[in-house]
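Below is data34.cif, which holds mmCIF, C-alpha atoms, pLDDT in the B column; chains and numbers go by the auth columns.
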data_input
loop_
_atom_site.group_PDB
_atom_site.id
_atom_site.type_symbol
_atom_site.label_atom_id
_atom_site.label_comp_id
_atom_site.label_asym_id
_atom_site.label_seq_id
_atom_site.Cartn_x
_atom_site.Cartn_y
_atom_site.Cartn_z
_atom_site.B_iso_or_equiv
_atom_site.auth_seq_id
_atom_site.auth_asym_id
ATOM 1 C CA GLN A 1 -7.025 12.783 16.254 90.00 76 A
ATOM 2 C CA ILE A 2 -8.326 9.910 18.383 94.00 77 A
ATOM 3 C CA MET A 3 -7.967 6.404 17.001 95.00 78 A
ATOM 4 C CA ASN A 4 -11.211 4.532 17.633 96.00 79 A
ATOM 5 C CA LYS A 5 -11.707 0.778 17.815 94.00 80 A
ATOM 6 C CA ALA A 6 -12.591 0.426 14.107 95.00 81 A
ATOM 7 C CA ASP A 7 -9.444 2.358 13.117 96.00 82 A
ATOM 8 C CA PHE A 8 -7.354 0.194 15.454 95.00 83 A
ATOM 9 C CA ILE A 9 -8.812 -3.019 13.997 96.00 84 A
ATOM 10 C CA SER A 10 -8.061 -1.813 10.453 96.00 85 A
ATOM 11 C CA LYS A 11 -4.458 -0.892 11.272 96.00 86 A
ATOM 12 C CA LEU A 12 -3.962 -4.144 13.180 95.00 87 A
ATOM 13 C CA ALA A 13 -5.228 -6.127 10.167 96.00 88 A
ATOM 14 C CA VAL A 14 -2.773 -4.354 7.873 96.00 89 A
ATOM 15 C CA GLU A 15 0.146 -4.737 10.314 95.00 90 A
ATOM 16 C CA MET A 16 -0.518 -8.459 10.817 95.00 91 A
ATOM 17 C CA ASN A 17 -1.490 -9.062 7.171 96.00 92 A
ATOM 18 C CA ILE A 18 -4.796 -10.633 8.201 96.00 93 A
ATOM 19 C CA SER A 19 -8.438 -9.912 7.393 96.00 94 A
ATOM 20 C CA GLN A 20 -10.412 -7.324 9.308 95.00 95 A
ATOM 21 C CA GLN A 21 -12.663 -10.138 10.546 96.00 96 A
ATOM 22 C CA GLN A 22 -9.644 -11.947 12.031 97.00 97 A
ATOM 23 C CA SER A 23 -8.410 -8.688 13.533 96.00 98 A
ATOM 24 C CA ARG A 24 -11.852 -8.093 15.074 96.00 99 A
ATOM 25 C CA GLN A 25 -11.806 -11.639 16.527 97.00 100 A
ATOM 26 C CA PHE A 26 -8.355 -11.009 17.989 95.00 101 A
ATOM 27 C CA MET A 27 -9.523 -7.755 19.624 95.00 102 A
ATOM 28 C CA LYS A 28 -12.615 -9.439 21.062 96.00 103 A
ATOM 29 C CA ALA A 29 -10.547 -12.323 22.460 97.00 104 A
ATOM 30 C CA PHE A 30 -8.009 -9.891 23.960 95.00 105 A
ATOM 31 C CA GLN A 31 -10.814 -7.931 25.614 95.00 106 A
ATOM 32 C CA VAL A 32 -12.412 -11.111 27.018 97.00 107 A
ATOM 33 C CA VAL A 33 -9.111 -12.411 28.435 96.00 108 A
ATOM 34 C CA LEU A 34 -8.213 -9.011 29.936 96.00 109 A
ATOM 35 C CA THR A 35 -11.695 -8.576 31.448 95.00 110 A
ATOM 36 C CA GLU A 36 -11.644 -12.039 33.021 95.00 111 A
ATOM 37 C CA ALA A 37 -8.223 -11.366 34.553 95.00 112 A
ATOM 38 C CA MET A 38 -9.427 -8.015 35.955 94.00 113 A
ATOM 39 C CA LYS A 39 -12.545 -9.685 37.415 94.00 114 A
ATOM 40 C CA GLN A 40 -10.258 -12.138 39.232 94.00 115 A
ATOM 41 C CA ASP A 41 -8.186 -9.209 40.560 93.00 116 A
ATOM 42 C CA SER A 42 -5.197 -10.461 38.567 94.00 117 A
ATOM 43 C CA PRO A 43 -2.809 -7.982 36.879 96.00 118 A
ATOM 44 C CA VAL A 44 -1.880 -8.639 33.243 96.00 119 A
ATOM 45 C CA MET A 45 1.776 -7.912 32.438 96.00 120 A
ATOM 46 C CA LEU A 46 2.772 -7.766 28.775 95.00 121 A
ATOM 47 C CA GLN A 47 6.579 -7.702 29.003 94.00 122 A
ATOM 48 C CA GLY A 48 7.975 -4.456 27.576 92.00 123 A
ATOM 49 C CA PHE A 49 4.535 -3.108 26.651 95.00 124 A
ATOM 50 C CA GLY A 50 2.933 -2.512 30.041 96.00 125 A
ATOM 51 C CA THR A 51 0.853 -3.795 32.915 97.00 126 A
ATOM 52 C CA PHE A 52 -2.909 -3.606 33.384 97.00 127 A
ATOM 53 C CA THR A 53 -3.800 -3.636 37.087 97.00 128 A
ATOM 54 C CA PRO A 54 -7.311 -3.699 38.584 95.00 129 A
ATOM 55 C CA TRP A 55 -7.959 -1.329 41.476 94.00 130 A
ATOM 56 C CA SER A 56 -10.963 -0.676 43.672 92.00 131 A
ATOM 57 C CA GLN A 57 -12.376 2.806 43.889 93.00 132 A
ATOM 58 C CA LYS A 58 -14.166 3.396 47.176 94.00 133 A
ATOM 59 C CA GLU A 59 -17.633 4.870 47.399 94.00 134 A
ATOM 60 C CA ARG A 60 -17.415 8.645 47.581 93.00 135 A
ATOM 61 C CA ILE A 61 -19.505 11.767 47.503 93.00 136 A
ATOM 62 C CA GLY A 62 -19.564 13.615 44.197 92.00 137 A
ATOM 63 C CA ARG A 63 -21.294 16.739 43.009 92.00 138 A
ATOM 64 C CA ASN A 64 -23.249 17.416 39.848 89.00 139 A
ATOM 65 C CA PRO A 65 -21.405 20.393 38.321 90.00 140 A
ATOM 66 C CA HIS A 66 -24.568 21.707 36.638 91.00 141 A
ATOM 67 C CA THR A 67 -26.876 21.649 39.656 91.00 142 A
ATOM 68 C CA GLY A 68 -24.418 21.580 42.556 89.00 143 A
ATOM 69 C CA ILE A 69 -26.375 18.730 44.165 92.00 144 A
ATOM 70 C CA SER A 70 -24.259 16.170 46.050 93.00 145 A
ATOM 71 C CA CYS A 71 -24.723 12.481 45.334 91.00 146 A
ATOM 72 C CA ALA A 72 -23.042 9.213 46.251 93.00 147 A
ATOM 73 C CA ILE A 73 -20.778 7.653 43.629 93.00 148 A
ATOM 74 C CA PRO A 74 -20.818 3.874 44.237 94.00 149 A
ATOM 75 C CA ALA A 75 -17.666 1.794 44.680 94.00 150 A
ATOM 76 C CA ARG A 76 -16.374 0.197 41.499 94.00 151 A
ATOM 77 C CA THR A 77 -13.421 -1.615 40.024 92.00 152 A
ATOM 78 C CA SER A 78 -11.299 0.298 37.544 94.00 153 A
ATOM 79 C CA VAL A 79 -8.044 -0.427 35.682 95.00 154 A
ATOM 80 C CA LYS A 80 -4.668 1.286 35.792 96.00 155 A
ATOM 81 C CA PHE A 81 -2.130 0.952 32.988 96.00 156 A
ATOM 82 C CA LYS A 82 1.588 1.337 33.596 96.00 157 A
ATOM 83 C CA PRO A 83 3.603 1.491 30.372 96.00 158 A
ATOM 84 C CA GLY A 84 6.588 -0.834 29.975 95.00 159 A
ATOM 85 C CA LYS A 85 10.128 0.301 29.255 92.00 160 A
ATOM 86 C CA PHE A 86 10.086 -0.647 25.557 94.00 161 A
ATOM 87 C CA LEU A 87 6.862 1.269 24.931 94.00 162 A
ATOM 88 C CA LEU A 88 8.327 4.296 26.725 93.00 163 A
ATOM 89 C CA ARG A 89 11.601 3.936 24.790 92.00 164 A
ATOM 90 C CA ASP A 90 9.735 3.874 21.472 92.00 165 A
ATOM 91 C CA LEU A 91 7.630 6.890 22.460 92.00 166 A
ATOM 92 C CA ASN A 92 10.651 8.885 23.644 92.00 167 A
ATOM 93 C CA PRO A 93 13.622 8.086 21.400 85.00 168 A
ATOM 94 C CA SER A 94 16.918 9.519 22.624 79.00 169 A
ATOM 95 C CA LYS A 95 18.112 12.465 20.639 60.00 170 A
#

Rewrite the structure from the file as structure tokens, please.
Amino acid sequence: QIMNKADFISKLAVEMNISQQQSRQFMKAFQVVLTEAMKQDSPVMLQGFGTFTPWSQKERIGRNPHTGISCAIPARTSVKFKPGKFLLRDLNPSK
């Protein structure tokens, strides 16, 4: 089951004991701040949670799997996420 943005906002509101509107505002602000940092090629490290790092994908040749026709895929900036040790610890509790 995939948690979508609306589900995340609802759970965040409950966890923080705030309204869904406030939770939505928080998510929008987080997205704006993260996007601006990525545009400036600046990693965002949230201690213990993880690090968001922008990276540049070079232009490359791809192929349409339905038609087999080759086409150029333009260069673009993407984001990598490396989980922090506390997130990994919580996901993989020792037995």

- request: Would you write out, as a VMD selection string, every residue that the PyMOL selection byres ((chain A and resi 123-138) around 12) captures in this file?
  value: chain A and resid 106 108 to 122 139 to 166

message: Here's a test: counting all atoms listed in the file, identify every protein, DNA and RNA residue with an atom at most 12 Å from (-7.6, -0.3, 13.4) in the file's coordinate frame, and state them as a list in words.
response: Ile77, Met78, Asn79, Lys80, Ala81, Asp82, Phe83, Ile84, Ser85, Lys86, Leu87, Ala88, Val89, Glu90, Met91, Ile93, Ser94, Gln95, Gln96, Gln97, Ser98, Arg99, Phe101 and Met102 of chain A

If you take every atom of range 151-157 of chain A that the file lists and fit an axis-aligned box around them with 3 Å extra on each side, what centre and edge lengths come out in Å to one decimal, as lines of an AutoDock Vina configuration file?
center_x = -7.4
center_y = -0.1
center_z = 37.2
size_x = 24.0
size_y = 9.0
size_z = 14.5

What would the file be for chain A if you keep C-alpha atoms and write it as a PDB file, in the first residue's frame?
ATOM      1  CA  GLN A  76       0.000   0.000   0.000  1.00  0.00           C
ATOM      2  CA  ILE A  77       1.547   3.295  -1.110  1.00  0.00           C
ATOM      3  CA  MET A  78       1.061   6.302   1.137  1.00  0.00           C
ATOM      4  CA  ASN A  79       0.201   9.294  -1.039  1.00  0.00           C
ATOM      5  CA  LYS A  80       0.637  12.962  -0.188  1.00  0.00           C
ATOM      6  CA  ALA A  81      -2.905  13.356   1.208  1.00  0.00           C
ATOM      7  CA  ASP A  82      -2.407  10.319   3.476  1.00  0.00           C
ATOM      8  CA  PHE A  83       0.953  11.701   4.625  1.00  0.00           C
ATOM      9  CA  ILE A  84      -0.570  15.114   5.405  1.00  0.00           C
ATOM     10  CA  SER A  85      -3.358  13.466   7.426  1.00  0.00           C
ATOM     11  CA  LYS A  86      -0.950  11.321   9.451  1.00  0.00           C
ATOM     12  CA  LEU A  87       1.384  14.276   9.981  1.00  0.00           C
ATOM     13  CA  ALA A  88      -1.532  16.369  11.294  1.00  0.00           C
ATOM     14  CA  VAL A  89      -2.470  13.646  13.771  1.00  0.00           C
ATOM     15  CA  GLU A  90       1.147  13.079  14.874  1.00  0.00           C
ATOM     16  CA  MET A  91       1.765  16.804  15.415  1.00  0.00           C
ATOM     17  CA  ASN A  92      -1.735  17.466  16.800  1.00  0.00           C
ATOM     18  CA  ILE A  93      -2.332  20.232  14.259  1.00  0.00           C
ATOM     19  CA  SER A  94      -4.986  20.875  11.617  1.00  0.00           C
ATOM     20  CA  GLN A  95      -4.745  19.360   8.166  1.00  0.00           C
ATOM     21  CA  GLN A  96      -4.448  22.893   6.771  1.00  0.00           C
ATOM     22  CA  GLN A  97      -1.385  23.538   8.961  1.00  0.00           C
ATOM     23  CA  SER A  98       0.053  20.170   7.968  1.00  0.00           C
ATOM     24  CA  ARG A  99      -0.490  21.021   4.286  1.00  0.00           C
ATOM     25  CA  GLN A 100       1.270  24.384   4.811  1.00  0.00           C
ATOM     26  CA  PHE A 101       4.186  22.611   6.483  1.00  0.00           C
ATOM     27  CA  MET A 102       4.508  20.158   3.567  1.00  0.00           C
ATOM     28  CA  LYS A 103       4.381  22.977   1.017  1.00  0.00           C
ATOM     29  CA  ALA A 104       7.037  24.966   2.899  1.00  0.00           C
ATOM     30  CA  PHE A 105       9.260  21.873   3.208  1.00  0.00           C
ATOM     31  CA  GLN A 106       8.943  21.231  -0.526  1.00  0.00           C
ATOM     32  CA  VAL A 107       9.768  24.870  -1.374  1.00  0.00           C
ATOM     33  CA  VAL A 108      12.845  24.933   0.890  1.00  0.00           C
ATOM     34  CA  LEU A 109      14.090  21.561  -0.413  1.00  0.00           C
ATOM     35  CA  THR A 110      13.524  22.572  -4.053  1.00  0.00           C
ATOM     36  CA  GLU A 111      15.378  25.866  -3.616  1.00  0.00           C
ATOM     37  CA  ALA A 112      18.332  24.069  -2.020  1.00  0.00           C
ATOM     38  CA  MET A 113      18.423  21.524  -4.876  1.00  0.00           C
ATOM     39  CA  LYS A 114      18.300  24.341  -7.462  1.00  0.00           C
ATOM     40  CA  GLN A 115      21.361  25.879  -5.785  1.00  0.00           C
ATOM     41  CA  ASP A 116      23.129  22.489  -5.921  1.00  0.00           C
ATOM     42  CA  SER A 117      23.152  22.383  -2.119  1.00  0.00           C
ATOM     43  CA  PRO A 118      22.591  19.076  -0.262  1.00  0.00           C
ATOM     44  CA  VAL A 119      20.083  19.076   2.605  1.00  0.00           C
ATOM     45  CA  MET A 120      21.170  16.975   5.595  1.00  0.00           C
ATOM     46  CA  LEU A 121      18.558  16.206   8.244  1.00  0.00           C
ATOM     47  CA  GLN A 122      20.693  14.734  11.042  1.00  0.00           C
ATOM     48  CA  GLY A 123      19.736  11.110  11.723  1.00  0.00           C
ATOM     49  CA  PHE A 124      16.997  11.088   9.076  1.00  0.00           C
ATOM     50  CA  GLY A 125      18.962  11.380   5.840  1.00  0.00           C
ATOM     51  CA  THR A 126      20.513  13.550   3.173  1.00  0.00           C
ATOM     52  CA  PHE A 127      18.956  14.820  -0.047  1.00  0.00           C
ATOM     53  CA  THR A 128      21.639  15.446  -2.677  1.00  0.00           C
ATOM     54  CA  PRO A 129      21.117  16.928  -6.156  1.00  0.00           C
ATOM     55  CA  TRP A 130      22.895  15.187  -9.020  1.00  0.00           C
ATOM     56  CA  SER A 131      23.122  15.866 -12.729  1.00  0.00           C
ATOM     57  CA  GLN A 132      22.085  13.194 -15.168  1.00  0.00           C
ATOM     58  CA  LYS A 133      23.867  13.553 -18.492  1.00  0.00           C
ATOM     59  CA  GLU A 134      22.069  13.508 -21.811  1.00  0.00           C
ATOM     60  CA  ARG A 135      21.795   9.950 -23.075  1.00  0.00           C
ATOM     61  CA  ILE A 136      20.212   7.843 -25.754  1.00  0.00           C
ATOM     62  CA  GLY A 137      17.119   5.922 -24.711  1.00  0.00           C
ATOM     63  CA  ARG A 138      14.780   3.600 -26.528  1.00  0.00           C
ATOM     64  CA  ASN A 139      11.004   3.483 -26.611  1.00  0.00           C
ATOM     65  CA  PRO A 140      10.231  -0.069 -25.436  1.00  0.00           C
ATOM     66  CA  HIS A 141       6.998  -0.216 -27.458  1.00  0.00           C
ATOM     67  CA  THR A 142       8.379   0.917 -30.811  1.00  0.00           C
ATOM     68  CA  GLY A 143      12.104   0.265 -30.417  1.00  0.00           C
ATOM     69  CA  ILE A 144      12.870   3.748 -31.767  1.00  0.00           C
ATOM     70  CA  SER A 145      15.917   5.454 -30.219  1.00  0.00           C
ATOM     71  CA  CYS A 146      15.600   8.986 -28.894  1.00  0.00           C
ATOM     72  CA  ALA A 147      17.705  11.442 -26.921  1.00  0.00           C
ATOM     73  CA  ILE A 148      16.867  11.848 -23.238  1.00  0.00           C
ATOM     74  CA  PRO A 149      17.901  15.399 -22.251  1.00  0.00           C
ATOM     75  CA  ALA A 150      20.188  16.170 -19.313  1.00  0.00           C
ATOM     76  CA  ARG A 151      18.385  16.935 -16.073  1.00  0.00           C
ATOM     77  CA  THR A 152      18.908  17.396 -12.372  1.00  0.00           C
ATOM     78  CA  SER A 153      17.621  14.656 -10.103  1.00  0.00           C
ATOM     79  CA  VAL A 154      17.817  13.972  -6.351  1.00  0.00           C
ATOM     80  CA  LYS A 155      19.395  11.131  -4.408  1.00  0.00           C
ATOM     81  CA  PHE A 156      18.368  10.288  -0.851  1.00  0.00           C
ATOM     82  CA  LYS A 157      20.733   8.580   1.565  1.00  0.00           C
ATOM     83  CA  PRO A 158      19.013   7.452   4.766  1.00  0.00           C
ATOM     84  CA  GLY A 159      20.539   8.453   8.104  1.00  0.00           C
ATOM     85  CA  LYS A 160      21.582   6.025  10.817  1.00  0.00           C
ATOM     86  CA  PHE A 161      18.563   6.653  13.069  1.00  0.00           C
ATOM     87  CA  LEU A 162      16.108   6.048  10.230  1.00  0.00           C
ATOM     88  CA  LEU A 163      17.945   2.828   9.344  1.00  0.00           C
ATOM     89  CA  ARG A 164      18.036   1.795  13.021  1.00  0.00           C
ATOM     90  CA  ASP A 165      14.279   2.317  13.350  1.00  0.00           C
ATOM     91  CA  LEU A 166      13.606   0.389  10.136  1.00  0.00           C
ATOM     92  CA  ASN A 167      15.872  -2.504  11.138  1.00  0.00           C
ATOM     93  CA  PRO A 168      15.608  -3.040  14.899  1.00  0.00           C
ATOM     94  CA  SER A 169      18.129  -5.514  16.293  1.00  0.00           C
ATOM     95  CA  LYS A 170      16.639  -8.826  17.218  1.00  0.00           C
TER      96      LYS A 170
END
